[in-house]
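Written out below as structure tokens is the structure these notes cover.
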Protein chains: 2
Amino acid sequence: MSGHTTIVNHLRRTGYRVTPQRVIILEALQRQGGHMTAEDIYARVRAEHPYINRSTVYRTLDMLSKENIITVTDLGKGSVHYEMSSDEPHHHMVCQQCGKVEEVDHALLEPLQNSLLRKYKFKANIEHFAIFGLCHKCQEKLRKAR
Amino acid sequence: MSGHTTIVNHLRRTGYRVTPQRVIILEALQRQGGHMTAEDIYARVRAEHPYINRSTVYRTLDMLSKENIITVTDLGKGSVHYEMSSDEPHHHMVCQQCGKVEEVDHALLEPLQNSLLRKYKFKANIEHFAIFGLCHKCQEKLRKAR
DNA sequence: GTTCTTATTGCAAATATTTGCATTTGCATC
DNA sequence: GATGCAAATGCAAATATTTGCAATAAGAAC
């Protein structure tokens with residue numbers, strides 16, 4: 001999904017109302033590209049349109065993620081990250097020891113997505129993924145320390 | 001991992017200090033068995049030992065999850081859930097539309113765990129899983145609505 | 001058992017997020 | 001273009017979680 005009008009149309013077709021707030025938030029997300037926190041988005045939006053409320057930002061982000069227009073990733077440290085969905089989904093491994101975040105090839109997740117659909121008819125929004133664990137380095141460190 | 005003393009020994013060996021607070025929090029988790037929020041645990045602990053601080057609870061839970069003694073699951077609605085790790089890991093599918101939570105067979109996750117280890121040497125703490133998406137019912141509803 | 005070092009705790013304040021309710025406003029219908 | 005209704009917003013308060021720092025205490029070394 002890309003292009004502004006496309007998204008707006010999708011929302012309208014799905015029964016959502018297209019409010020100026022929603023449009024502005026979408027624009028902020030698109031201009032940025034990468035990861036943003038709710039606060040980042042709020043700040044950006046506010047810069048131009050000071051009348052927008054923080055809860056509206058949260059509620060809109062929630063709605064956009066339900067519609068798979070953006071992805072939400074909780075990297076486990078403080079705040080959650082938002083980002084426009086891309087045609088090339090990517091995922092994250094988060095080391096619980098050192099906090100490092102690495103990307104995971106989408107191919108590794110696809111089998112899971114398929115088996116969930118087959119077994120439970122559950123349509124997993126797989127881009128919503130953060131996998132916690134231990135990175136290679138920290139495993140080594142632990143091995144030595146003991 | 002089970003049995004109180006076993007866990008306490010593990011912590012000590014790993015270099016953590018065994019404080020009364022930590023022991024009490026562990027006991028609360030074990031007595032309960034199922035899912036608990038941080039607040040549940042705090043309340044339980046407080047009932048008997050009113051001097052324990054809320055941040056200590058959060059910090060201890062964090063530590064216990066790093067040590068894989070408990071699991072953390074963010075079901076996306078409000079607060080995070082904690083639970084003693086079991087020998088029979090189980091996971092959750094969370095419907096982003098209706099909020100329903102269903103369990104996922106561990107077998108579906110194992111391949112992912114293996115491929116992460118093989119490809120990235122990342123030791124995924126797989127029990128930490130909540131998979132978001134659309135349940136069967138809500139897919140049907142959406143199909144009809146459009 | 002005393003001493004020392006450093007991890008852990010408590011506290012208070014900062015931050016992040018959600019929610020109930022009254023008000024406003026898209027947009028479908030006339 | 002005016003009207004009506006439900007969805008969305010704003011606001012303020014509730015809730016959930018994290019953090020910096022000074023005080024305390026676990027456990028290693030003596």
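Simple scheme: letters A, B, ... for chains in structure tokens order, numbers from 1 for residues in each chain, numbers from 1 for ligands in the order shown.
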Using only C-alpha atoms (C1' of nucleotides), find the residues of chain C whose closest atom to chain A is at most 10 Å away, then write them as a PyMOL selection string.
chain C and resi 15-19+25-27
Selection file, N, CA and C atoms (P, O5', C5', C4', C3', O3' and C1' of nucleotides), as an mmCIF file, in the first residue's frame:
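Saved as out-v4.cif:
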data_model
loop_
_atom_site.group_PDB
_atom_site.id
_atom_site.type_symbol
_atom_site.label_atom_id
_atom_site.label_comp_id
_atom_site.auth_asym_id
_atom_site.auth_seq_id
_atom_site.Cartn_x
_atom_site.Cartn_y
_atom_site.Cartn_z
ATOM 1 P P DT C 15 10.382 13.759 30.900
ATOM 2 O "O5'" DT C 15 9.675 12.441 30.353
ATOM 3 C "C5'" DT C 15 10.352 11.203 30.476
ATOM 4 C "C4'" DT C 15 9.374 10.104 30.207
ATOM 5 C "C3'" DT C 15 8.523 10.318 28.950
ATOM 6 O "O3'" DT C 15 8.886 9.279 28.069
ATOM 7 C "C1'" DT C 15 7.250 9.448 30.743
ATOM 8 P P DA C 16 8.309 9.174 26.623
ATOM 9 O "O5'" DA C 16 7.150 8.121 26.857
ATOM 10 C "C5'" DA C 16 7.474 6.821 27.330
ATOM 11 C "C4'" DA C 16 6.200 6.014 27.344
ATOM 12 C "C3'" DA C 16 5.348 6.209 26.094
ATOM 13 O "O3'" DA C 16 5.019 4.904 25.621
ATOM 14 C "C1'" DA C 16 4.064 6.599 28.049
ATOM 15 P P DT C 17 4.088 4.713 24.341
ATOM 16 O "O5'" DT C 17 2.652 4.661 25.028
ATOM 17 C "C5'" DT C 17 2.381 3.561 25.918
ATOM 18 C "C4'" DT C 17 0.984 3.689 26.416
ATOM 19 C "C3'" DT C 17 -0.075 3.825 25.321
ATOM 20 O "O3'" DT C 17 -0.814 2.608 25.346
ATOM 21 C "C1'" DT C 17 -0.505 5.224 27.184
ATOM 22 P P DT C 18 -2.155 2.431 24.525
ATOM 23 O "O5'" DT C 18 -3.236 2.845 25.621
ATOM 24 C "C5'" DT C 18 -3.180 2.210 26.889
ATOM 25 C "C4'" DT C 18 -4.420 2.557 27.666
ATOM 26 C "C3'" DT C 18 -5.732 2.412 26.895
ATOM 27 O "O3'" DT C 18 -6.585 1.670 27.744
ATOM 28 C "C1'" DT C 18 -5.569 4.577 27.858
ATOM 29 P P DT C 19 -8.068 1.299 27.315
ATOM 30 O "O5'" DT C 19 -8.946 2.456 27.975
ATOM 31 C "C5'" DT C 19 -8.742 2.791 29.324
ATOM 32 C "C4'" DT C 19 -9.788 3.800 29.753
ATOM 33 C "C3'" DT C 19 -11.112 3.725 28.992
ATOM 34 O "O3'" DT C 19 -12.151 3.769 29.949
ATOM 35 C "C1'" DT C 19 -10.239 5.922 28.908
ATOM 36 P P DT C 25 -16.007 21.291 14.865
ATOM 37 O "O5'" DT C 25 -16.301 19.972 14.015
ATOM 38 C "C5'" DT C 25 -15.346 18.917 14.048
ATOM 39 C "C4'" DT C 25 -15.812 17.852 13.072
ATOM 40 C "C3'" DT C 25 -16.315 18.414 11.755
ATOM 41 O "O3'" DT C 25 -15.993 17.456 10.779
ATOM 42 C "C1'" DT C 25 -17.979 17.121 12.684
ATOM 43 P P DG C 26 -15.214 17.796 9.504
ATOM 44 O "O5'" DG C 26 -14.710 16.308 9.198
ATOM 45 C "C5'" DG C 26 -15.173 15.753 8.168
ATOM 46 C "C4'" DG C 26 -15.507 14.303 8.331
ATOM 47 C "C3'" DG C 26 -15.988 13.859 6.967
ATOM 48 O "O3'" DG C 26 -15.657 12.521 6.792
ATOM 49 C "C1'" DG C 26 -17.810 13.825 8.502
ATOM 50 P P DC C 27 -15.557 12.047 5.270
ATOM 51 O "O5'" DC C 27 -17.078 11.699 4.941
ATOM 52 C "C5'" DC C 27 -17.693 10.620 5.632
ATOM 53 C "C4'" DC C 27 -19.185 10.622 5.363
ATOM 54 C "C3'" DC C 27 -19.583 10.928 3.904
ATOM 55 O "O3'" DC C 27 -20.697 10.123 3.582
ATOM 56 C "C1'" DC C 27 -20.779 12.274 5.318
#
Residues flagged strand (DSSP E or B) by DSSP in chain B, as a VMD selection string:
chain B and resid 36 to 37 70 to 73 81 to 84 91 to 95 101 to 104 123 to 124 130 to 134
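The protein and nucleic acid residues lying at most 7 Å from stretch 96-112 of chain B are Lys66, Leu108, Leu109, Leu112 and Ser115 of chain A; Pro89, His90, His91, Phe132, Gly133, Leu134 and Cys138 of chain B, with only C-alpha atoms (C1' of nucleotides) considered and sequence neighbours fewer than 5 positions away removed.
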Go ahead and align chain A to chain B (same sequence, so just pair every C-alpha in order, least squares) and export the moved chain as a PDB file with C-alpha atoms, in the first residue's frame.
ATOM      1  CA  MET A   1      12.634 -24.748  35.607  1.00  0.00           C
ATOM      2  CA  SER A   2      10.547 -25.356  38.701  1.00  0.00           C
ATOM      3  CA  GLY A   3      10.877 -25.406  42.438  1.00  0.00           C
ATOM      4  CA  HIS A   4      11.707 -22.491  44.497  1.00  0.00           C
ATOM      5  CA  THR A   5      15.170 -23.339  45.689  1.00  0.00           C
ATOM      6  CA  THR A   6      16.247 -24.271  42.194  1.00  0.00           C
ATOM      7  CA  ILE A   7      15.420 -20.810  40.946  1.00  0.00           C
ATOM      8  CA  VAL A   8      17.037 -19.073  43.864  1.00  0.00           C
ATOM      9  CA  ASN A   9      20.176 -21.100  43.315  1.00  0.00           C
ATOM     10  CA  HIS A  10      20.170 -20.329  39.642  1.00  0.00           C
ATOM     11  CA  LEU A  11      19.993 -16.624  40.403  1.00  0.00           C
ATOM     12  CA  ARG A  12      22.806 -16.756  42.899  1.00  0.00           C
ATOM     13  CA  ARG A  13      25.001 -18.755  40.571  1.00  0.00           C
ATOM     14  CA  THR A  14      24.347 -16.268  37.789  1.00  0.00           C
ATOM     15  CA  GLY A  15      25.541 -13.437  39.969  1.00  0.00           C
ATOM     16  CA  TYR A  16      22.272 -11.933  41.128  1.00  0.00           C
ATOM     17  CA  ARG A  17      21.699 -11.148  44.742  1.00  0.00           C
ATOM     18  CA  VAL A  18      18.921 -12.968  46.476  1.00  0.00           C
ATOM     19  CA  THR A  19      16.979 -10.308  48.301  1.00  0.00           C
ATOM     20  CA  PRO A  20      13.839 -10.865  50.363  1.00  0.00           C
ATOM     21  CA  GLN A  21      11.928  -8.766  47.841  1.00  0.00           C
ATOM     22  CA  ARG A  22      12.891 -11.052  45.006  1.00  0.00           C
ATOM     23  CA  VAL A  23      11.972 -14.140  46.954  1.00  0.00           C
ATOM     24  CA  ILE A  24       8.586 -12.732  47.856  1.00  0.00           C
ATOM     25  CA  ILE A  25       7.839 -11.777  44.278  1.00  0.00           C
ATOM     26  CA  LEU A  26       8.791 -15.224  43.084  1.00  0.00           C
ATOM     27  CA  GLU A  27       6.525 -16.792  45.671  1.00  0.00           C
ATOM     28  CA  ALA A  28       3.625 -14.676  44.505  1.00  0.00           C
ATOM     29  CA  LEU A  29       4.168 -15.731  40.915  1.00  0.00           C
ATOM     30  CA  GLN A  30       4.384 -19.386  41.862  1.00  0.00           C
ATOM     31  CA  ARG A  31       1.345 -19.380  44.079  1.00  0.00           C
ATOM     32  CA  GLN A  32      -0.746 -17.823  41.338  1.00  0.00           C
ATOM     33  CA  GLY A  33       0.239 -19.992  38.421  1.00  0.00           C
ATOM     34  CA  GLY A  34      -1.531 -18.167  35.583  1.00  0.00           C
ATOM     35  CA  HIS A  35      -1.168 -14.743  34.013  1.00  0.00           C
ATOM     36  CA  MET A  36      -0.705 -11.734  36.259  1.00  0.00           C
ATOM     37  CA  THR A  37      -0.146  -8.052  35.629  1.00  0.00           C
ATOM     38  CA  ALA A  38       2.555  -6.137  37.423  1.00  0.00           C
ATOM     39  CA  GLU A  39      -0.159  -4.543  39.499  1.00  0.00           C
ATOM     40  CA  ASP A  40      -1.625  -7.909  40.497  1.00  0.00           C
ATOM     41  CA  ILE A  41       1.763  -9.021  41.662  1.00  0.00           C
ATOM     42  CA  TYR A  42       2.364  -5.792  43.508  1.00  0.00           C
ATOM     43  CA  ALA A  43      -0.968  -6.093  45.302  1.00  0.00           C
ATOM     44  CA  ARG A  44      -0.336  -9.676  46.329  1.00  0.00           C
ATOM     45  CA  VAL A  45       3.134  -8.982  47.549  1.00  0.00           C
ATOM     46  CA  ARG A  46       2.017  -5.900  49.393  1.00  0.00           C
ATOM     47  CA  ALA A  47      -0.682  -7.760  51.239  1.00  0.00           C
ATOM     48  CA  GLU A  48       1.951  -9.590  53.210  1.00  0.00           C
ATOM     49  CA  HIS A  49       4.947  -7.333  52.970  1.00  0.00           C
ATOM     50  CA  PRO A  50       3.800  -3.742  52.766  1.00  0.00           C
ATOM     51  CA  TYR A  51       7.283  -2.335  52.506  1.00  0.00           C
ATOM     52  CA  ILE A  52       7.967  -3.449  48.944  1.00  0.00           C
ATOM     53  CA  ASN A  53       8.143  -0.765  46.302  1.00  0.00           C
ATOM     54  CA  ARG A  54       6.403  -0.806  42.958  1.00  0.00           C
ATOM     55  CA  SER A  55       9.566  -0.153  40.948  1.00  0.00           C
ATOM     56  CA  THR A  56      11.236  -3.072  42.643  1.00  0.00           C
ATOM     57  CA  VAL A  57       8.436  -5.240  41.349  1.00  0.00           C
ATOM     58  CA  TYR A  58       8.928  -3.966  37.803  1.00  0.00           C
ATOM     59  CA  ARG A  59      12.687  -4.337  37.995  1.00  0.00           C
ATOM     60  CA  THR A  60      12.472  -7.834  39.399  1.00  0.00           C
ATOM     61  CA  LEU A  61      10.008  -8.909  36.732  1.00  0.00           C
ATOM     62  CA  ASP A  62      12.338  -7.559  34.115  1.00  0.00           C
ATOM     63  CA  MET A  63      15.230  -9.481  35.553  1.00  0.00           C
ATOM     64  CA  LEU A  64      13.249 -12.702  35.874  1.00  0.00           C
ATOM     65  CA  SER A  65      12.196 -12.495  32.268  1.00  0.00           C
ATOM     66  CA  LYS A  66      15.753 -11.973  31.117  1.00  0.00           C
ATOM     67  CA  GLU A  67      16.593 -15.146  32.986  1.00  0.00           C
ATOM     68  CA  ASN A  68      13.693 -16.931  31.308  1.00  0.00           C
ATOM     69  CA  ILE A  69      12.150 -17.688  34.661  1.00  0.00           C
ATOM     70  CA  ILE A  70       8.980 -15.891  33.749  1.00  0.00           C
ATOM     71  CA  THR A  71       7.444 -14.929  30.426  1.00  0.00           C
ATOM     72  CA  VAL A  72       6.121 -11.548  29.426  1.00  0.00           C
ATOM     73  CA  THR A  73       3.238 -11.155  27.048  1.00  0.00           C
ATOM     74  CA  ASP A  74       1.912  -7.894  25.744  1.00  0.00           C
ATOM     75  CA  LEU A  75      -1.572  -8.658  24.586  1.00  0.00           C
ATOM     76  CA  GLY A  76      -1.842  -5.167  23.260  1.00  0.00           C
ATOM     77  CA  LYS A  77      -4.516  -3.967  25.635  1.00  0.00           C
ATOM     78  CA  GLY A  78      -3.354  -1.882  28.533  1.00  0.00           C
ATOM     79  CA  SER A  79      -1.000  -3.862  30.667  1.00  0.00           C
ATOM     80  CA  VAL A  80       1.549  -6.562  30.137  1.00  0.00           C
ATOM     81  CA  HIS A  81       1.112 -10.100  31.506  1.00  0.00           C
ATOM     82  CA  TYR A  82       3.617 -12.162  33.428  1.00  0.00           C
ATOM     83  CA  GLU A  83       3.642 -15.863  34.143  1.00  0.00           C
ATOM     84  CA  MET A  84       6.059 -18.545  35.320  1.00  0.00           C
ATOM     85  CA  SER A  85       7.720 -20.254  32.378  1.00  0.00           C
ATOM     86  CA  SER A  86       6.521 -23.769  31.934  1.00  0.00           C
ATOM     87  CA  ASP A  87       7.989 -26.810  30.289  1.00  0.00           C
ATOM     88  CA  GLU A  88       5.074 -26.641  27.881  1.00  0.00           C
ATOM     89  CA  PRO A  89       5.469 -23.249  26.243  1.00  0.00           C
ATOM     90  CA  HIS A  90       2.350 -21.739  24.809  1.00  0.00           C
ATOM     91  CA  HIS A  91       1.805 -18.650  22.709  1.00  0.00           C
ATOM     92  CA  HIS A  92      -0.983 -16.294  21.851  1.00  0.00           C
ATOM     93  CA  MET A  93      -2.834 -15.042  18.830  1.00  0.00           C
ATOM     94  CA  VAL A  94      -4.485 -11.730  19.536  1.00  0.00           C
ATOM     95  CA  CYS A  95      -7.263 -10.547  17.250  1.00  0.00           C
ATOM     96  CA  GLN A  96      -6.757  -6.859  16.547  1.00  0.00           C
ATOM     97  CA  GLN A  97     -10.412  -6.461  15.753  1.00  0.00           C
ATOM     98  CA  CYS A  98     -12.264  -8.134  18.607  1.00  0.00           C
ATOM     99  CA  GLY A  99      -9.395  -8.561  21.060  1.00  0.00           C
ATOM    100  CA  LYS A 100      -9.909 -12.286  21.506  1.00  0.00           C
ATOM    101  CA  VAL A 101      -6.848 -14.246  22.598  1.00  0.00           C
ATOM    102  CA  GLU A 102      -6.276 -17.835  21.515  1.00  0.00           C
ATOM    103  CA  GLU A 103      -3.434 -20.186  22.250  1.00  0.00           C
ATOM    104  CA  VAL A 104      -0.964 -21.390  19.660  1.00  0.00           C
ATOM    105  CA  ASP A 105       0.642 -24.785  19.624  1.00  0.00           C
ATOM    106  CA  HIS A 106       4.338 -24.531  20.372  1.00  0.00           C
ATOM    107  CA  ALA A 107       5.141 -26.796  17.440  1.00  0.00           C
ATOM    108  CA  LEU A 108       4.317 -23.994  15.026  1.00  0.00           C
ATOM    109  CA  LEU A 109       6.950 -21.759  16.586  1.00  0.00           C
ATOM    110  CA  GLU A 110       9.792 -24.217  16.796  1.00  0.00           C
ATOM    111  CA  PRO A 111      10.847 -23.985  13.149  1.00  0.00           C
ATOM    112  CA  LEU A 112      11.221 -20.241  13.533  1.00  0.00           C
ATOM    113  CA  GLN A 113      13.300 -20.649  16.647  1.00  0.00           C
ATOM    114  CA  ASN A 114      15.576 -23.048  14.819  1.00  0.00           C
ATOM    115  CA  SER A 115      15.994 -20.944  11.730  1.00  0.00           C
ATOM    116  CA  LEU A 116      16.862 -17.864  13.795  1.00  0.00           C
ATOM    117  CA  LEU A 117      19.522 -19.819  15.588  1.00  0.00           C
ATOM    118  CA  ARG A 118      20.925 -21.241  12.369  1.00  0.00           C
ATOM    119  CA  LYS A 119      20.880 -18.060  10.337  1.00  0.00           C
ATOM    120  CA  TYR A 120      21.672 -15.397  12.934  1.00  0.00           C
ATOM    121  CA  LYS A 121      22.925 -17.361  15.957  1.00  0.00           C
ATOM    122  CA  PHE A 122      20.163 -15.581  17.805  1.00  0.00           C
ATOM    123  CA  LYS A 123      18.734 -17.539  20.701  1.00  0.00           C
ATOM    124  CA  ALA A 124      15.099 -16.534  20.577  1.00  0.00           C
ATOM    125  CA  ASN A 125      13.175 -16.531  23.789  1.00  0.00           C
ATOM    126  CA  ILE A 126      10.202 -17.799  21.943  1.00  0.00           C
ATOM    127  CA  GLU A 127       7.828 -17.980  24.820  1.00  0.00           C
ATOM    128  CA  HIS A 128       7.721 -14.248  24.719  1.00  0.00           C
ATOM    129  CA  PHE A 129       5.214 -14.317  21.893  1.00  0.00           C
ATOM    130  CA  ALA A 130       2.031 -12.594  21.003  1.00  0.00           C
ATOM    131  CA  ILE A 131       1.016 -12.723  17.387  1.00  0.00           C
ATOM    132  CA  PHE A 132      -1.401 -10.059  16.256  1.00  0.00           C
ATOM    133  CA  GLY A 133      -3.829 -10.405  13.398  1.00  0.00           C
ATOM    134  CA  LEU A 134      -7.404 -11.254  12.513  1.00  0.00           C
ATOM    135  CA  CYS A 135      -9.300 -14.194  13.914  1.00  0.00           C
ATOM    136  CA  HIS A 136     -11.471 -16.319  11.671  1.00  0.00           C
ATOM    137  CA  LYS A 137     -14.731 -14.756  12.807  1.00  0.00           C
ATOM    138  CA  CYS A 138     -13.578 -11.218  12.212  1.00  0.00           C
ATOM    139  CA  GLN A 139     -12.324 -12.113   8.757  1.00  0.00           C
ATOM    140  CA  GLU A 140     -15.789 -13.403   7.937  1.00  0.00           C
ATOM    141  CA  LYS A 141     -17.438 -10.304   9.318  1.00  0.00           C
ATOM    142  CA  LEU A 142     -15.216  -8.073   7.233  1.00  0.00           C
ATOM    143  CA  ARG A 143     -15.862 -10.099   4.121  1.00  0.00           C
ATOM    144  CA  LYS A 144     -19.593  -9.683   4.569  1.00  0.00           C
ATOM    145  CA  ALA A 145     -19.464  -6.023   5.469  1.00  0.00           C
ATOM    146  CA  ARG A 146     -17.834  -5.010   2.207  1.00  0.00           C
TER     147      ARG A 146
END
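Atom C1' of C:DT6 to atom C1' of D:DC30 spans 17.4 Å [interatomic distance, one decimal].
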Please identify all residues of chain D having at least one atom at most 12 Å from any atom of chain B, considering only C-alpha atoms (C1' of nucleotides), and return them as a ChimeraX atom specification.
/D:15-19,24-28
Restricting it to C-alpha atoms (C1' of nucleotides), dump the selection as a CSV table (one decimal), in the first residue's frame.
chain,number,residue,atom,x,y,z
D,15,DT,C1',-3.4,4.0,34.6
D,16,DA,C1',1.0,1.8,33.4
D,17,DT,C1',5.9,2.0,33.3
D,18,DT,C1',10.6,3.9,33.6
D,19,DT,C1',14.4,6.5,35.6
D,24,DT,C1',20.6,0.4,52.2
D,25,DA,C1',22.1,-4.2,52.4
D,26,DA,C1',24.0,-8.9,50.1
D,27,DG,C1',27.7,-11.5,49.9
D,28,DA,C1',32.9,-11.7,49.0
Return as a PyMOL selection string the full set of residues in chain B whose backbone-based DSSP assignment is alpha helix (DSSP H).
chain B and resi 4-14+20-32+38-48+54-66+110-120+136-145
Residues at most 12 Å from D:DA2, counting only C-alpha atoms (C1' of nucleotides), excluding those fewer than 2 positions away in the same chain, as an NGL selection string?
(:C and (29-30)) or (:D and (4))
Atom pair atom C1' of D:DG10 + atom C1' of C:DT23, distance 8.3 Å
Have a look at atom C1' of D:DA29 and atom C1' of C:DG10 and let me know their distance in Å, one decimal.
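A separation of 28.5 Å between them.
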